[in-house]
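Q: This is the content of protein22.pdb (PDB, C-alpha atoms and all ligand atoms):
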```
ATOM      1  CA  MET A   1       0.000   0.000   0.000  1.00  0.00           C
ATOM      2  CA  LYS A   2       1.176   3.553  -0.667  1.00  0.00           C
ATOM      3  CA  ILE A   3       0.791   5.703   2.446  1.00  0.00           C
ATOM      4  CA  ALA A   4       0.884   9.519   2.576  1.00  0.00           C
ATOM      5  CA  PHE A   5       2.414  10.815   5.816  1.00  0.00           C
ATOM      6  CA  ALA A   6       2.276  14.361   7.118  1.00  0.00           C
ATOM      7  CA  SER A   7       2.699  16.120  10.440  1.00  0.00           C
ATOM      8  CA  ASP A   8       3.345  19.484  12.003  1.00  0.00           C
ATOM      9  CA  HIS A   9       6.498  19.977  14.121  1.00  0.00           C
ATOM     10  CA  ALA A  10       4.898  18.184  17.093  1.00  0.00           C
ATOM     11  CA  GLY A  11       4.512  14.985  15.089  1.00  0.00           C
ATOM     12  CA  ILE A  12       7.749  14.756  13.122  1.00  0.00           C
ATOM     13  CA  GLU A  13       9.547  12.347  15.449  1.00  0.00           C
ATOM     14  CA  MET A  14       6.591   9.962  15.632  1.00  0.00           C
ATOM     15  CA  LYS A  15       6.062  10.240  11.878  1.00  0.00           C
ATOM     16  CA  LEU A  16       9.627   9.115  11.153  1.00  0.00           C
ATOM     17  CA  VAL A  17       9.279   6.178  13.562  1.00  0.00           C
ATOM     18  CA  LEU A  18       6.016   5.065  11.943  1.00  0.00           C
ATOM     19  CA  MET A  19       7.317   5.483   8.407  1.00  0.00           C
ATOM     20  CA  GLU A  20      10.160   3.095   9.193  1.00  0.00           C
ATOM     21  CA  TYR A  21       7.786   0.694  10.930  1.00  0.00           C
ATOM     22  CA  LEU A  22       5.306   0.609   8.056  1.00  0.00           C
ATOM     23  CA  LYS A  23       8.095   0.327   5.482  1.00  0.00           C
ATOM     24  CA  GLY A  24       9.156  -2.766   7.428  1.00  0.00           C
ATOM     25  CA  MET A  25       5.642  -4.119   6.865  1.00  0.00           C
ATOM     26  CA  GLY A  26       6.137  -3.704   3.096  1.00  0.00           C
ATOM     27  CA  HIS A  27       4.356  -0.385   2.560  1.00  0.00           C
ATOM     28  CA  GLU A  28       5.604   2.531   0.484  1.00  0.00           C
ATOM     29  CA  CYS A  29       5.679   5.675   2.626  1.00  0.00           C
ATOM     30  CA  VAL A  30       5.784   9.232   1.272  1.00  0.00           C
ATOM     31  CA  ASP A  31       6.399  12.233   3.546  1.00  0.00           C
ATOM     32  CA  TYR A  32       4.455  15.401   2.652  1.00  0.00           C
ATOM     33  CA  GLY A  33       6.142  17.468   5.407  1.00  0.00           C
ATOM     34  CA  ASN A  34       6.734  19.222   7.692  1.00  0.00           C
ATOM     35  CA  TYR A  35      10.396  18.204   7.498  1.00  0.00           C
ATOM     36  CA  ASP A  36      11.850  20.687  10.006  1.00  0.00           C
ATOM     37  CA  PRO A  37      11.272  20.030  13.737  1.00  0.00           C
ATOM     38  CA  ASP A  38      12.657  23.501  14.542  1.00  0.00           C
ATOM     39  CA  ASP A  39       9.968  25.185  12.463  1.00  0.00           C
ATOM     40  CA  ARG A  40       7.517  25.674  15.314  1.00  0.00           C
ATOM     41  CA  ASP A  41       5.503  28.265  13.395  1.00  0.00           C
ATOM     42  CA  ASP A  42       4.210  25.650  10.992  1.00  0.00           C
ATOM     43  CA  ASP A  43       0.457  25.122  10.835  1.00  0.00           C
ATOM     44  CA  TYR A  44      -1.158  21.695  11.102  1.00  0.00           C
ATOM     45  CA  PRO A  45      -3.925  22.467   8.510  1.00  0.00           C
ATOM     46  CA  VAL A  46      -1.250  22.823   5.811  1.00  0.00           C
ATOM     47  CA  TYR A  47      -0.012  19.284   6.416  1.00  0.00           C
ATOM     48  CA  GLY A  48      -3.382  17.669   7.032  1.00  0.00           C
ATOM     49  CA  ARG A  49      -4.483  19.097   3.718  1.00  0.00           C
ATOM     50  CA  LYS A  50      -1.390  17.937   1.797  1.00  0.00           C
ATOM     51  CA  ALA A  51      -1.726  14.306   2.880  1.00  0.00           C
ATOM     52  CA  ALA A  52      -5.512  14.337   2.448  1.00  0.00           C
ATOM     53  CA  GLU A  53      -5.216  15.719  -1.076  1.00  0.00           C
ATOM     54  CA  ALA A  54      -2.747  12.956  -1.922  1.00  0.00           C
ATOM     55  CA  VAL A  55      -5.349  10.392  -0.804  1.00  0.00           C
ATOM     56  CA  MET A  56      -8.184  12.215  -2.589  1.00  0.00           C
ATOM     57  CA  ARG A  57      -6.163  12.271  -5.825  1.00  0.00           C
ATOM     58  CA  LYS A  58      -5.289   8.590  -5.360  1.00  0.00           C
ATOM     59  CA  GLU A  59      -1.581   9.382  -5.274  1.00  0.00           C
ATOM     60  CA  ALA A  60      -1.742   7.407  -2.034  1.00  0.00           C
ATOM     61  CA  ASP A  61      -4.059   4.631  -0.864  1.00  0.00           C
ATOM     62  CA  ARG A  62      -4.265   5.885   2.713  1.00  0.00           C
ATOM     63  CA  GLY A  63      -2.713   8.449   5.010  1.00  0.00           C
ATOM     64  CA  VAL A  64      -1.198   8.906   8.446  1.00  0.00           C
ATOM     65  CA  ILE A  65      -1.296  12.411   9.912  1.00  0.00           C
ATOM     66  CA  ILE A  66       0.180  13.500  13.215  1.00  0.00           C
ATOM     67  CA  CYS A  67       0.066  16.651  15.306  1.00  0.00           C
ATOM     68  CA  GLY A  68       0.204  17.219  19.068  1.00  0.00           C
ATOM     69  CA  THR A  69      -3.244  15.769  19.694  1.00  0.00           C
ATOM     70  CA  GLY A  70      -4.208  14.409  16.257  1.00  0.00           C
ATOM     71  CA  VAL A  71      -7.299  16.596  16.540  1.00  0.00           C
ATOM     72  CA  GLY A  72      -6.383  19.693  14.547  1.00  0.00           C
ATOM     73  CA  ILE A  73      -4.773  17.837  11.686  1.00  0.00           C
ATOM     74  CA  SER A  74      -7.717  15.409  11.390  1.00  0.00           C
ATOM     75  CA  LEU A  75     -10.220  18.284  11.367  1.00  0.00           C
ATOM     76  CA  ALA A  76      -8.308  19.802   8.451  1.00  0.00           C
ATOM     77  CA  ALA A  77      -7.999  16.513   6.541  1.00  0.00           C
ATOM     78  CA  ASN A  78     -11.713  15.803   6.926  1.00  0.00           C
ATOM     79  CA  LYS A  79     -12.553  18.948   4.938  1.00  0.00           C
ATOM     80  CA  VAL A  80     -11.092  17.339   1.810  1.00  0.00           C
ATOM     81  CA  PRO A  81     -13.761  15.429  -0.178  1.00  0.00           C
ATOM     82  CA  GLY A  82     -13.746  11.700   0.314  1.00  0.00           C
ATOM     83  CA  ILE A  83     -11.554  11.788   3.402  1.00  0.00           C
ATOM     84  CA  ARG A  84     -12.509   9.867   6.506  1.00  0.00           C
ATOM     85  CA  ALA A  85      -9.772  10.664   9.024  1.00  0.00           C
ATOM     86  CA  VAL A  86      -9.996   9.292  12.552  1.00  0.00           C
ATOM     87  CA  VAL A  87      -8.016  10.128  15.667  1.00  0.00           C
ATOM     88  CA  CYS A  88      -7.149   6.930  17.522  1.00  0.00           C
ATOM     89  CA  SER A  89      -5.410   6.524  20.860  1.00  0.00           C
ATOM     90  CA  GLU A  90      -5.918   2.769  21.165  1.00  0.00           C
ATOM     91  CA  PRO A  91      -6.153  -0.175  18.719  1.00  0.00           C
ATOM     92  CA  TYR A  92      -9.845  -1.004  19.200  1.00  0.00           C
ATOM     93  CA  SER A  93     -10.945   2.289  17.637  1.00  0.00           C
ATOM     94  CA  ALA A  94      -8.406   1.827  14.839  1.00  0.00           C
ATOM     95  CA  ARG A  95      -9.817  -1.620  14.051  1.00  0.00           C
ATOM     96  CA  MET A  96     -13.434  -0.450  14.095  1.00  0.00           C
ATOM     97  CA  ALA A  97     -12.616   2.692  12.111  1.00  0.00           C
ATOM     98  CA  ARG A  98     -11.436   0.410   9.313  1.00  0.00           C
ATOM     99  CA  ALA A  99     -13.970  -2.423   9.721  1.00  0.00           C
ATOM    100  CA  HIS A 100     -17.089  -0.273  10.092  1.00  0.00           C
ATOM    101  CA  ASN A 101     -16.222   3.238   8.895  1.00  0.00           C
ATOM    102  CA  ASN A 102     -13.785   2.468   6.067  1.00  0.00           C
ATOM    103  CA  ALA A 103     -11.521   5.209   7.405  1.00  0.00           C
ATOM    104  CA  ASN A 104      -8.812   6.140   4.933  1.00  0.00           C
ATOM    105  CA  MET A 105      -6.636   8.283   7.175  1.00  0.00           C
ATOM    106  CA  LEU A 106      -5.270   7.624  10.640  1.00  0.00           C
ATOM    107  CA  ALA A 107      -4.588  10.630  12.872  1.00  0.00           C
ATOM    108  CA  LEU A 108      -2.382  10.338  15.950  1.00  0.00           C
ATOM    109  CA  GLY A 109      -1.505  12.654  18.831  1.00  0.00           C
ATOM    110  CA  ALA A 110       2.244  12.629  19.387  1.00  0.00           C
ATOM    111  CA  ARG A 111       1.754  14.372  22.751  1.00  0.00           C
ATOM    112  CA  VAL A 112      -0.961  11.928  23.775  1.00  0.00           C
ATOM    113  CA  ILE A 113       0.416   8.446  23.099  1.00  0.00           C
ATOM    114  CA  GLY A 114       3.860   6.842  23.037  1.00  0.00           C
ATOM    115  CA  ARG A 115       5.612   5.415  19.999  1.00  0.00           C
ATOM    116  CA  GLU A 116       5.010   1.736  20.833  1.00  0.00           C
ATOM    117  CA  LEU A 117       1.276   2.293  21.194  1.00  0.00           C
ATOM    118  CA  ALA A 118       1.348   4.312  17.975  1.00  0.00           C
ATOM    119  CA  LYS A 119       2.965   1.364  16.170  1.00  0.00           C
ATOM    120  CA  MET A 120       0.304  -1.014  17.516  1.00  0.00           C
ATOM    121  CA  ILE A 121      -2.500   1.336  16.415  1.00  0.00           C
ATOM    122  CA  ALA A 122      -0.959   1.779  12.957  1.00  0.00           C
ATOM    123  CA  GLU A 123      -0.455  -1.959  12.529  1.00  0.00           C
ATOM    124  CA  THR A 124      -4.108  -2.549  13.418  1.00  0.00           C
ATOM    125  CA  PHE A 125      -5.279   0.191  11.059  1.00  0.00           C
ATOM    126  CA  PHE A 126      -3.271  -1.198   8.138  1.00  0.00           C
ATOM    127  CA  THR A 127      -4.211  -4.839   8.622  1.00  0.00           C
ATOM    128  CA  THR A 128      -7.965  -4.452   9.094  1.00  0.00           C
ATOM    129  CA  GLU A 129     -10.278  -4.630   6.079  1.00  0.00           C
ATOM    130  CA  PHE A 130     -13.584  -2.800   5.684  1.00  0.00           C
ATOM    131  CA  GLU A 131     -16.421  -5.248   6.355  1.00  0.00           C
ATOM    132  CA  GLY A 132     -18.816  -3.649   3.863  1.00  0.00           C
ATOM    133  CA  GLY A 133     -22.392  -4.978   4.072  1.00  0.00           C
ATOM    134  CA  ARG A 134     -24.611  -2.805   6.245  1.00  0.00           C
ATOM    135  CA  HIS A 135     -21.625  -0.549   6.963  1.00  0.00           C
ATOM    136  CA  GLU A 136     -21.378   0.383   3.277  1.00  0.00           C
ATOM    137  CA  ARG A 137     -24.728   2.177   3.418  1.00  0.00           C
ATOM    138  CA  ARG A 138     -23.684   4.176   6.468  1.00  0.00           C
ATOM    139  CA  VAL A 139     -20.409   5.257   4.945  1.00  0.00           C
ATOM    140  CA  GLU A 140     -22.300   6.316   1.812  1.00  0.00           C
ATOM    141  CA  MET A 141     -24.572   8.397   4.053  1.00  0.00           C
ATOM    142  CA  ILE A 142     -21.508  10.293   5.271  1.00  0.00           C
ATOM    143  CA  SER A 143     -20.572  11.056   1.648  1.00  0.00           C
ATOM    144  CA  GLU A 144     -24.120  12.254   0.997  1.00  0.00           C
ATOM    145  CA  ILE A 145     -23.800  14.837   3.770  1.00  0.00           C
ATOM    146  CA  GLU A 146     -20.562  16.020   2.198  1.00  0.00           C
ATOM    147  CA  ASN A 147     -22.199  16.265  -1.246  1.00  0.00           C
ATOM    148  CA  ASP A 148     -25.308  18.026   0.074  1.00  0.00           C
ATOM    149  CA  TYR A 149     -23.249  20.797   1.670  1.00  0.00           C
ATOM    150  CA  ARG A 150     -20.513  21.163  -0.951  1.00  0.00           C
ATOM    151  CA  GLY A 151     -19.783  24.818  -1.581  1.00  0.00           C
ATOM    152  CA  LEU A 152     -21.843  26.017   1.374  1.00  0.00           C
ATOM    153  CA  SER A 153     -20.442  27.739   4.436  1.00  0.00           C
ATOM    154  CA  ILE A 154     -21.989  28.724   7.784  1.00  0.00           C
ATOM    155  CA  ASP A 155     -20.409  32.204   7.633  1.00  0.00           C
TER     156      ASP A 155
HETATM  157  C1  LIG B 201       0.868  22.689  18.015  1.00  0.00           C
HETATM  158  O1  LIG B 201       1.394  23.282  19.168  1.00  0.00           O
HETATM  159  C2  LIG B 201      -0.458  21.984  18.350  1.00  0.00           C
HETATM  160  O2  LIG B 201      -1.451  22.925  18.558  1.00  0.00           O
HETATM  161  C3  LIG B 201      -0.816  21.037  17.241  1.00  0.00           C
HETATM  162  O3  LIG B 201       0.218  20.117  17.071  1.00  0.00           O
HETATM  163  C4  LIG B 201      -2.064  20.198  17.415  1.00  0.00           C
HETATM  164  O4  LIG B 201      -2.056  19.526  18.622  1.00  0.00           O
HETATM  165  C5  LIG B 201      -3.349  20.860  17.140  1.00  0.00           C
HETATM  166  O5  LIG B 201      -4.425  20.238  17.140  1.00  0.00           O
END
```
Could you write out this structure as structure tokens?
Ligand code: RB5

A:
Amino acid sequence: MKIAFASDHAGIEMKLVLMEYLKGMGHECVDYGNYDPDDRDDDYPVYGRKAAEAVMRKEADRGVIICGTGVGISLAANKVPGIRAVVCSEPYSARMARAHNNANMLALGARVIGRELAKMIAETFFTTEFEGGRHERRVEMISEIENDYRGLSID
């Protein structure tokens, strides 16, 4: 699988660890930045967007995005059409996010969990298949919401 990685400064160390780990599992990993841990003025939406666009354009099959909490970067990624990014801090949610929600991006909080737990979560996310069936309809319903509100803003 080809995996798009991105993080802000808070997630760079964990991103590099996970890229090596997933390469060891046979995946191709591409880093969309940030590359500079000293650049603390970087903005997580920039990187969530870059990785999400790579998945949307099918340059990558899935993505892993990391910021301090995983929250900001997942909020940004989820604004890109077709993206289902989930923040996971334990493997059960990672498994169900794949099996039931067909999540295509995993978001992690580098200031929330340690690297060994992050590896376990990533391994679960990348080895669990979508179950389809009744879950297909629900995932399609999420896309319908996205389509219904495309181009509209609350401002
Ligand atoms: C950066 O300090 C931090 O706000 C960011 O990494 C992330 O946690 C935001 O959601």

Q: Kindly indicate which residue among A:Ala76, A:Val139, A:Ala10, A:Met25 lies nearest to ligand LIG 201 (chain B), using all atoms listed in the file for the distances.

A: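 Using all atoms listed in the file, the shortest distance to ligand LIG 201 (chain B) belongs to A:Ala10.
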
Q: For the structure shown, which residues end up in the PyMOL selection byres (((chain A and resi 33) around 12) and not hetatm)? Put them as an MDAnalysis selection string, please?

A: chainID A and resid 4:13 15:16 30:32 34:37 39 42:51 64:67

Q: In Å, with one decimal, what is the gap from atom CA of Glu136 of chain A to atom CA of Pro91 of chain A?

A: 21.7 Å

Q: Between A:Arg57, A:Lys23, A:Arg62, A:Arg150, single out the one closest to Asn102 of chain A, counting all atoms listed in the file.

A: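 Checking each of A:Arg57, A:Lys23, A:Arg62, A:Arg150 against Asn102 of chain A, counting all atoms listed in the file, the winner is A:Arg62.
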
Q: Would you mind reading off the distance between atom CA of His27 of chain A and atom CA of Ala85 of chain A, one decimal, in Å?

A: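 For atom CA of His27 of chain A relative to atom CA of Ala85 of chain A, the distance reads 19.1 Å.
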
Q: Find the distance between atom CA of Arg115 of chain A and atom CA of Pro81 of chain A and write it in Å to one decimal.

A: 29.7 Å

Q: Would you fill out segment 16-27 of chain A with all heavy atoms and return it as a short mmCIF file (atom, residue, chain, number, x, y, z; two decimals), in the coordinates of the input?

A:
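This went into result_28.cif:
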```cif
data_model
loop_
_atom_site.label_atom_id
_atom_site.label_comp_id
_atom_site.auth_asym_id
_atom_site.auth_seq_id
_atom_site.Cartn_x
_atom_site.Cartn_y
_atom_site.Cartn_z
N LEU A 16 8.45 9.83 11.67
CA LEU A 16 9.63 9.12 11.15
C LEU A 16 9.68 7.68 11.69
O LEU A 16 10.01 6.74 10.96
CB LEU A 16 10.91 9.88 11.50
CG LEU A 16 11.00 11.28 10.84
CD1 LEU A 16 12.25 12.01 11.30
CD2 LEU A 16 10.96 11.18 9.32
N VAL A 17 9.32 7.52 12.95
CA VAL A 17 9.28 6.18 13.56
C VAL A 17 8.26 5.30 12.82
O VAL A 17 8.54 4.16 12.45
CB VAL A 17 8.91 6.27 15.07
CG1 VAL A 17 8.56 4.90 15.64
CG2 VAL A 17 10.05 6.91 15.86
N LEU A 18 7.08 5.85 12.58
CA LEU A 18 6.02 5.07 11.94
C LEU A 18 6.30 4.79 10.47
O LEU A 18 5.94 3.73 9.95
CB LEU A 18 4.67 5.76 12.10
CG LEU A 18 4.09 5.73 13.50
CD1 LEU A 18 2.75 6.45 13.53
CD2 LEU A 18 3.92 4.30 14.02
N MET A 19 6.97 5.73 9.82
CA MET A 19 7.32 5.48 8.41
C MET A 19 8.27 4.28 8.32
O MET A 19 8.09 3.41 7.46
CB MET A 19 7.96 6.73 7.78
CG MET A 19 6.94 7.82 7.47
SD MET A 19 7.65 9.32 6.76
CE MET A 19 8.21 8.71 5.20
N GLU A 20 9.23 4.23 9.20
CA GLU A 20 10.16 3.10 9.19
C GLU A 20 9.42 1.80 9.51
O GLU A 20 9.64 0.75 8.89
CB GLU A 20 11.29 3.31 10.22
CG GLU A 20 12.38 4.23 9.73
CD GLU A 20 12.86 3.91 8.32
OE1 GLU A 20 13.34 2.78 8.07
OE2 GLU A 20 12.71 4.78 7.44
N TYR A 21 8.53 1.88 10.50
CA TYR A 21 7.79 0.69 10.93
C TYR A 21 6.90 0.16 9.79
O TYR A 21 6.89 -1.04 9.50
CB TYR A 21 6.94 1.05 12.14
CG TYR A 21 6.23 -0.12 12.76
CD1 TYR A 21 6.95 -1.16 13.36
CD2 TYR A 21 4.84 -0.21 12.77
CE1 TYR A 21 6.31 -2.25 13.93
CE2 TYR A 21 4.19 -1.29 13.34
CZ TYR A 21 4.93 -2.30 13.92
OH TYR A 21 4.28 -3.38 14.48
N LEU A 22 6.21 1.05 9.12
CA LEU A 22 5.31 0.61 8.06
C LEU A 22 6.07 0.20 6.80
O LEU A 22 5.63 -0.69 6.06
CB LEU A 22 4.25 1.68 7.79
CG LEU A 22 3.22 1.78 8.93
CD1 LEU A 22 2.41 3.05 8.84
CD2 LEU A 22 2.29 0.57 8.96
N LYS A 23 7.24 0.80 6.58
CA LYS A 23 8.10 0.33 5.48
C LYS A 23 8.51 -1.11 5.76
O LYS A 23 8.53 -1.95 4.85
CB LYS A 23 9.35 1.19 5.37
CG LYS A 23 9.17 2.45 4.56
CD LYS A 23 10.50 3.21 4.46
CE LYS A 23 10.26 4.65 4.08
NZ LYS A 23 11.46 5.50 4.26
N GLY A 24 8.79 -1.40 7.01
CA GLY A 24 9.16 -2.77 7.43
C GLY A 24 8.03 -3.75 7.20
O GLY A 24 8.26 -4.96 7.07
N MET A 25 6.80 -3.25 7.14
CA MET A 25 5.64 -4.12 6.86
C MET A 25 5.38 -4.22 5.36
O MET A 25 4.39 -4.81 4.93
CB MET A 25 4.38 -3.56 7.55
CG MET A 25 4.38 -3.74 9.07
SD MET A 25 2.92 -2.95 9.83
CE MET A 25 1.59 -3.94 9.17
N GLY A 26 6.26 -3.58 4.56
CA GLY A 26 6.14 -3.70 3.10
C GLY A 26 5.41 -2.56 2.42
O GLY A 26 5.15 -2.63 1.21
N HIS A 27 5.07 -1.52 3.16
CA HIS A 27 4.36 -0.38 2.56
C HIS A 27 5.33 0.65 1.99
O HIS A 27 6.47 0.76 2.44
CB HIS A 27 3.47 0.30 3.61
CG HIS A 27 2.40 -0.59 4.16
ND1 HIS A 27 1.32 -0.99 3.40
CD2 HIS A 27 2.25 -1.18 5.38
CE1 HIS A 27 0.54 -1.78 4.14
NE2 HIS A 27 1.08 -1.91 5.34
#
```
